[in-house]
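> Mind having a look at this structure? Questions to follow.
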Amino acid sequence: MTENSNPTILLVDDEEMVLNSMKSFFAIENNYNLMTYTSPLKALEDLNRNHAHVDLVISDYLMPEMDGITFLAKVKEKLPMVPRILLTGYADKENAIKAINNVGLYQYIEKPWDNEDLKLVIRNGLEKTTLLHQLEEKVREVERAQRELSEVQKDILRVFA
Amino acid sequence: MSQLIQSEKMAALGLLVAGVAHEINTPMGAIHSNNDIMTRAVAKIRKLLGPAPDKEISRLLDILGEICRNNEIATDRIMKTVRSLKNFARLDEAERKTVNIHEGIESTLTLLQHQLRNRIRIVKQFGDIPEIECLPNQLNQVFMNVLVNAAQAIQDRGEIRVKTWTAGDAVKISISDTGIGIPTEHLSKIFDPGFTTKGVGLGTGLGLSLCYKIVQDHHGTIEVESSNQGTTFTITLPLEA
Ligand SMILES: Nc1ncnc2c1ncn2[C@@H]1O[C@H](COP(=O)(O)OP(=O)(O)OP(=O)(O)O)[C@@H](O)[C@H]1O
Ligand SMILES: [Mg+2]
């Protein structure tokens, strides 16, 4: 699905109309690749099978097969670094907020959602991943520099020994 | 009607509202978003057409744009009503909560909009009141009953004034109407269960007796003043119940 360098978002909602609307939105905005599923089980299956690159995951809360929090917890096991966003209706907001703290979700978006908010939450989520990657890279650099330094130190000690 | 039956009714209403709100929000979310996408698409097409577009295409885009704006107003209205319904029933808050009662009054007014629109002017004079510990959904019942009575007392056009203020260690809410008023001989009866002047099938006469009971449960009072110029109900709720 990734035919360009745009980030890929995996979206799960048992309601086709939600998937379609978000797909159209990102089609017109032209900035993300979308993988959409009406079944969280199928989404997990695909995640486990092929190592498709996913940058961010959004899931509905109330779905017949599996609730969104359980789904996102399973996604976390597989992709710990990927930001996970929950979509909630009014009726399940309180449960959702509780679960957000337990499972460590990045954000939640309430239905009916605002496209501009959606865009912002996604952008911030992706930015967080980028920053985390940059941090990892920096840590690796520092470690490398430290190793080199200790090599030099050894060399010096050898010369003076 | 016993208080028990009333609270069972509220619980059932709460469940119904939760179900309806959830059921509406998904398709509503899709329509709301789709309309936003259409608006964006129209803007993009306009940009692609450049500064001198074909007249007919331009006219059609204008119509589309107008429809999108209209849809937005319509969806906003539905979303606001669903929010108010949810807020009114406050199912998530069956127990005591510390809330600002302005929220409940606003929700109740939104739900009453169709009864009031064009006919009755609403004047809100909200004071700086602290949050109070209460049963929000029950207090909303009180506001609803008193406001409906006020609207029914106004025959043609008129005004309902909702005032809130702090008095000592209590919050006060007054709801005044410019309606027909209550005859002096009725004043001592209006809080009696079953007392109604609205005729069979129109009023149950239970509204105010329920209000009385709810306010009493909150250790507050509900008082009435009336003349042929209109009626004022004043509800006093202590900060510390
Ligand atoms: N704002 C008001 N102006 C004039 N009369 C009022 C007002 N509020 C209440 N009343 C009188 O008090 C009576 C009792 O009110 P209550 O709310 O208990 O019952 P109801 O409105 O008649 O019936 P229901 O509440 O079931 O529709 C009313 O029938 C009406 O005569
Ligand atoms: Mg009444």
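Each chain of the structure tokens is named A, B, ... in the order shown, its residues numbered from 1; ligands are numbered from 1 in display order.
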Excluding B:Arg119 and residues on its chain fewer than 5 positions from it, collect all residues at most 7 Å away from it, counting only C-alpha atoms, and give them as an MDAnalysis selection string.
chainID B and resid 156:158
> Output the neighbourhood of ligand 2 as number ranges by chain, that is, all protein and nucleic acid residues with some atom at most 12 Å from the ligand, counting only C-alpha atoms and all ligand atoms.
B: 141-153, 190-199, 202-212
> Quick one: distance from atom 1 (N, counted along the ligand's line) of ligand 1 to atom CA of B:Thr231 in Å, one decimal?
5.3 Å
> As JSON, numbers by chain, could you give me every residue of chain B near chain A (at most 9 Å apart, counting only C-alpha atoms)?
{"B": [18, 19, 21, 22, 23, 25, 26, 27, 28, 29, 30, 31, 32, 33, 34, 36, 37, 40, 41, 79, 83, 86, 91, 92]}
> Do a neighbour search on A:Tyr61 at 9 Å with only C-alpha atoms, toss out local chain neighbours closer than 5 positions, and write the hits as a list in words.
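In the requested form, the answer reads Asp13, Met66, Asp67, Gly68, Ile69, Phe71, Leu86, Leu87, Thr88, Gly89, Asp92 and Ala96 of chain A.
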> Mind checking which residues fall within 10 Å of B:Leu85, counting only C-alpha atoms, ignoring those fewer than 6 positions away in the same chain, and posting them as number ranges by chain?
B: 14, 17-18, 20-21, 79, 107-108, 110-111
> Within 10 Å of A:Ala73, counting only C-alpha atoms, which residues show up once you throw out same-chain ones fewer than 2 positions away? Write them as a ChimeraX atom specification, please.
/A:68-71,75-80,84,102-105
> Just all heavy atoms for this one: save the residues we selected as a short mmCIF file (atom, residue, chain, number, x, y, z; two decimals), in the first residue's frame.

data_model
loop_
_atom_site.label_atom_id
_atom_site.label_comp_id
_atom_site.auth_asym_id
_atom_site.auth_seq_id
_atom_site.Cartn_x
_atom_site.Cartn_y
_atom_site.Cartn_z
N GLY A 68 -12.11 -1.42 21.18
CA GLY A 68 -10.96 -0.71 20.66
C GLY A 68 -9.77 -0.69 21.61
O GLY A 68 -8.62 -0.68 21.17
N ILE A 69 -10.05 -0.72 22.91
CA ILE A 69 -8.94 -0.67 23.87
C ILE A 69 -8.18 -1.98 23.88
O ILE A 69 -6.94 -2.00 23.89
CB ILE A 69 -9.49 -0.30 25.26
CG1 ILE A 69 -9.88 1.18 25.23
CG2 ILE A 69 -8.46 -0.55 26.34
CD1 ILE A 69 -10.75 1.62 26.35
N THR A 70 -8.91 -3.09 23.84
CA THR A 70 -8.27 -4.40 23.74
C THR A 70 -7.46 -4.47 22.46
O THR A 70 -6.30 -4.92 22.46
CB THR A 70 -9.33 -5.52 23.74
OG1 THR A 70 -10.25 -5.28 24.80
CG2 THR A 70 -8.70 -6.88 23.90
N PHE A 71 -8.06 -4.01 21.38
CA PHE A 71 -7.38 -4.04 20.09
C PHE A 71 -6.07 -3.24 20.15
O PHE A 71 -5.01 -3.73 19.77
CB PHE A 71 -8.30 -3.49 18.99
CG PHE A 71 -7.60 -3.25 17.68
CD1 PHE A 71 -7.21 -4.31 16.88
CD2 PHE A 71 -7.31 -1.95 17.26
CE1 PHE A 71 -6.55 -4.10 15.68
CE2 PHE A 71 -6.65 -1.73 16.07
CZ PHE A 71 -6.26 -2.79 15.27
N VAL A 75 -2.10 -4.13 19.65
CA VAL A 75 -1.24 -3.43 18.68
C VAL A 75 0.03 -2.97 19.39
O VAL A 75 1.14 -3.05 18.83
CB VAL A 75 -1.98 -2.21 18.07
CG1 VAL A 75 -1.03 -1.34 17.27
CG2 VAL A 75 -3.13 -2.67 17.20
N LYS A 76 -0.12 -2.55 20.64
CA LYS A 76 1.04 -2.06 21.40
C LYS A 76 2.10 -3.16 21.56
O LYS A 76 3.29 -2.89 21.44
CB LYS A 76 0.58 -1.57 22.76
CG LYS A 76 1.69 -0.91 23.55
CD LYS A 76 1.23 -0.54 24.94
CE LYS A 76 2.35 0.14 25.71
NZ LYS A 76 1.94 0.46 27.08
N GLU A 77 1.63 -4.40 21.82
CA GLU A 77 2.58 -5.52 21.96
C GLU A 77 3.40 -5.67 20.69
O GLU A 77 4.59 -5.95 20.74
CB GLU A 77 1.81 -6.84 22.20
CG GLU A 77 1.22 -6.95 23.59
CD GLU A 77 0.26 -8.12 23.69
OE1 GLU A 77 0.32 -9.02 22.83
OE2 GLU A 77 -0.55 -8.12 24.64
N LYS A 78 2.72 -5.49 19.57
CA LYS A 78 3.35 -5.71 18.27
C LYS A 78 4.19 -4.50 17.85
O LYS A 78 5.30 -4.64 17.37
CB LYS A 78 2.23 -5.97 17.25
CG LYS A 78 2.66 -6.24 15.86
CD LYS A 78 2.77 -7.73 15.60
CE LYS A 78 3.40 -7.98 14.24
NZ LYS A 78 4.70 -8.61 14.34
N LEU A 79 3.63 -3.31 18.04
CA LEU A 79 4.29 -2.08 17.59
C LEU A 79 4.34 -1.08 18.74
O LEU A 79 3.55 -0.14 18.80
CB LEU A 79 3.52 -1.46 16.42
CG LEU A 79 3.23 -2.33 15.20
CD1 LEU A 79 2.15 -1.68 14.33
CD2 LEU A 79 4.49 -2.55 14.38
N PRO A 80 5.26 -1.28 19.70
CA PRO A 80 5.25 -0.45 20.90
C PRO A 80 5.47 1.04 20.65
O PRO A 80 5.04 1.88 21.43
CB PRO A 80 6.38 -1.05 21.75
CG PRO A 80 7.18 -1.88 20.83
CD PRO A 80 6.30 -2.30 19.71
N ARG A 84 -1.15 5.33 19.26
CA ARG A 84 -2.46 4.70 19.12
C ARG A 84 -3.54 5.69 19.56
O ARG A 84 -3.45 6.27 20.63
CB ARG A 84 -2.52 3.42 19.96
CG ARG A 84 -1.52 2.38 19.49
CD ARG A 84 -1.37 1.25 20.50
NE ARG A 84 -1.15 1.73 21.85
CZ ARG A 84 0.01 2.12 22.34
NH1 ARG A 84 1.08 2.08 21.59
NH2 ARG A 84 0.11 2.56 23.57
N ASN A 102 -4.87 3.51 31.55
CA ASN A 102 -4.37 2.16 31.81
C ASN A 102 -3.50 1.62 30.69
O ASN A 102 -2.49 0.99 30.92
CB ASN A 102 -5.54 1.20 32.03
CG ASN A 102 -6.32 1.56 33.29
OD1 ASN A 102 -5.78 2.23 34.18
ND2 ASN A 102 -7.57 1.14 33.36
N VAL A 103 -3.93 1.85 29.46
CA VAL A 103 -3.24 1.24 28.32
C VAL A 103 -2.21 2.19 27.71
O VAL A 103 -1.41 1.80 26.87
CB VAL A 103 -4.27 0.80 27.24
CG1 VAL A 103 -3.63 -0.11 26.21
CG2 VAL A 103 -5.46 0.10 27.88
N GLY A 104 -2.20 3.44 28.16
CA GLY A 104 -1.22 4.39 27.65
C GLY A 104 -1.46 4.76 26.20
O GLY A 104 -0.56 4.67 25.36
N LEU A 105 -2.68 5.17 25.89
CA LEU A 105 -2.97 5.59 24.52
C LEU A 105 -2.43 7.00 24.31
O LEU A 105 -2.28 7.76 25.25
CB LEU A 105 -4.47 5.60 24.26
CG LEU A 105 -5.16 4.25 24.36
CD1 LEU A 105 -6.62 4.40 24.01
CD2 LEU A 105 -4.50 3.25 23.42
#
> With only C-alpha atoms and all ligand atoms as the atoms that count, which of B:Thr184, B:Thr221, B:Asn137, B:Ser84 lies nearest to ligand 1?
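Using only C-alpha atoms and all ligand atoms, ligand 1 sits closest to B:Thr184.
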> Would you work out the distance separating atom CA of B:Arg121 from atom CA of B:Glu159, expressed in Å to one decimal?
4.6 Å
> DSSP on the backbone: what in chain A comes out strand (DSSP E), as a list of chain:residue names?
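Restricting chain A to strand (DSSP E) produces A:Thr8, A:Ile9, A:Leu10, A:Leu11, A:Val12, A:Asn33, A:Leu34, A:Met35, A:Thr36, A:Tyr37, A:Leu56, A:Val57, A:Ile58, A:Ser59, A:Asp60, A:Arg84, A:Ile85, A:Leu86, A:Leu87, A:Thr88, A:Gln107, A:Tyr108, A:Ile109, A:Glu110.
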> Output N, CA, C and O atoms of each residue in that selection to a file, as a compact mmCIF listing (two decimals), in the first residue's frame.

# COMPACT_ATOMS: atom_id res chain seq x y z
N THR A 8 1.85 5.94 6.84
CA THR A 8 0.72 5.03 6.70
C THR A 8 -0.06 4.94 8.00
O THR A 8 0.51 4.77 9.07
N ILE A 9 -1.39 5.10 7.88
CA ILE A 9 -2.27 5.03 9.04
C ILE A 9 -3.16 3.81 8.92
O ILE A 9 -3.74 3.56 7.86
N LEU A 10 -3.22 3.03 9.99
CA LEU A 10 -4.14 1.90 10.02
C LEU A 10 -5.38 2.32 10.80
O LEU A 10 -5.28 2.80 11.91
N LEU A 11 -6.53 2.16 10.16
CA LEU A 11 -7.79 2.64 10.73
C LEU A 11 -8.79 1.50 10.86
O LEU A 11 -9.03 0.78 9.90
N VAL A 12 -9.34 1.32 12.07
CA VAL A 12 -10.32 0.27 12.29
C VAL A 12 -11.62 0.85 12.84
O VAL A 12 -11.61 1.56 13.85
N ASN A 33 -1.20 7.52 3.58
CA ASN A 33 -1.74 6.28 3.04
C ASN A 33 -2.61 5.68 4.12
O ASN A 33 -2.24 5.67 5.28
N LEU A 34 -3.76 5.17 3.72
CA LEU A 34 -4.68 4.63 4.70
C LEU A 34 -4.89 3.13 4.48
O LEU A 34 -5.11 2.68 3.37
N MET A 35 -4.81 2.35 5.56
CA MET A 35 -5.22 0.95 5.52
C MET A 35 -6.47 0.87 6.41
O MET A 35 -6.41 1.22 7.57
N THR A 36 -7.59 0.45 5.83
CA THR A 36 -8.82 0.46 6.62
C THR A 36 -9.37 -0.95 6.82
O THR A 36 -9.28 -1.80 5.95
N TYR A 37 -9.91 -1.18 8.01
CA TYR A 37 -10.49 -2.48 8.36
C TYR A 37 -11.81 -2.28 9.10
O TYR A 37 -11.89 -1.44 9.99
N LEU A 56 0.89 4.84 12.43
CA LEU A 56 -0.08 5.29 13.44
C LEU A 56 -1.34 4.43 13.31
O LEU A 56 -1.70 4.01 12.23
N VAL A 57 -1.97 4.16 14.47
CA VAL A 57 -3.17 3.32 14.45
C VAL A 57 -4.33 4.05 15.12
O VAL A 57 -4.18 4.62 16.19
N ILE A 58 -5.48 4.03 14.44
CA ILE A 58 -6.70 4.63 15.00
C ILE A 58 -7.75 3.53 15.08
O ILE A 58 -7.93 2.78 14.13
N SER A 59 -8.43 3.45 16.24
CA SER A 59 -9.48 2.44 16.36
C SER A 59 -10.72 2.99 17.03
O SER A 59 -10.65 3.77 17.97
N ASP A 60 -11.87 2.53 16.54
CA ASP A 60 -13.14 2.82 17.18
C ASP A 60 -13.16 2.08 18.51
O ASP A 60 -12.41 1.13 18.72
N ARG A 84 -1.15 5.33 19.26
CA ARG A 84 -2.46 4.70 19.12
C ARG A 84 -3.54 5.69 19.56
O ARG A 84 -3.45 6.27 20.63
N ILE A 85 -4.54 5.85 18.71
CA ILE A 85 -5.61 6.82 18.96
C ILE A 85 -6.95 6.10 19.01
O ILE A 85 -7.22 5.23 18.18
N LEU A 86 -7.76 6.46 20.00
CA LEU A 86 -9.08 5.83 20.15
C LEU A 86 -10.18 6.79 19.70
O LEU A 86 -10.16 7.97 20.01
N LEU A 87 -11.13 6.24 18.95
CA LEU A 87 -12.33 7.00 18.55
C LEU A 87 -13.45 6.60 19.49
O LEU A 87 -13.70 5.42 19.68
N THR A 88 -14.13 7.58 20.08
CA THR A 88 -15.20 7.22 21.01
C THR A 88 -16.49 7.97 20.73
O THR A 88 -16.46 9.08 20.22
N GLN A 107 -4.00 9.44 22.37
CA GLN A 107 -5.08 10.43 22.36
C GLN A 107 -6.42 9.75 22.16
O GLN A 107 -6.47 8.60 21.74
N TYR A 108 -7.50 10.47 22.38
CA TYR A 108 -8.79 9.98 21.90
C TYR A 108 -9.49 11.09 21.14
O TYR A 108 -9.25 12.26 21.37
N ILE A 109 -10.32 10.66 20.19
CA ILE A 109 -11.09 11.61 19.40
C ILE A 109 -12.56 11.26 19.57
O ILE A 109 -12.93 10.09 19.48
N GLU A 110 -13.37 12.27 19.82
CA GLU A 110 -14.79 12.01 20.03
C GLU A 110 -15.57 12.08 18.73
O GLU A 110 -15.31 12.92 17.88
> Could you pull out the helix (DSSP H, G or I) residues of chain A from DSSP and send them as JSON, numbers by chain?
{"A": [16, 17, 18, 19, 20, 21, 22, 23, 24, 25, 26, 27, 28, 29, 40, 41, 42, 43, 44, 45, 46, 47, 48, 49, 68, 69, 70, 71, 72, 73, 74, 75, 76, 77, 78, 90, 91, 92, 93, 94, 95, 96, 97, 98, 99, 100, 101, 102, 103, 115, 116, 117, 118, 119, 120, 121, 122, 123, 124, 125, 126, 127, 128, 129, 130, 131, 132, 133, 134, 135, 136, 137, 138, 139, 140, 141, 142, 143, 144, 145, 146, 147, 148, 149, 150, 151, 152, 153, 154, 155, 156, 157, 158, 159, 160]}
> Between atom CA of B:Pro238 and atom 27 (O, counted along the ligand's line) of ligand 1, measure the distance and give it in Å to one decimal.
27.3 Å
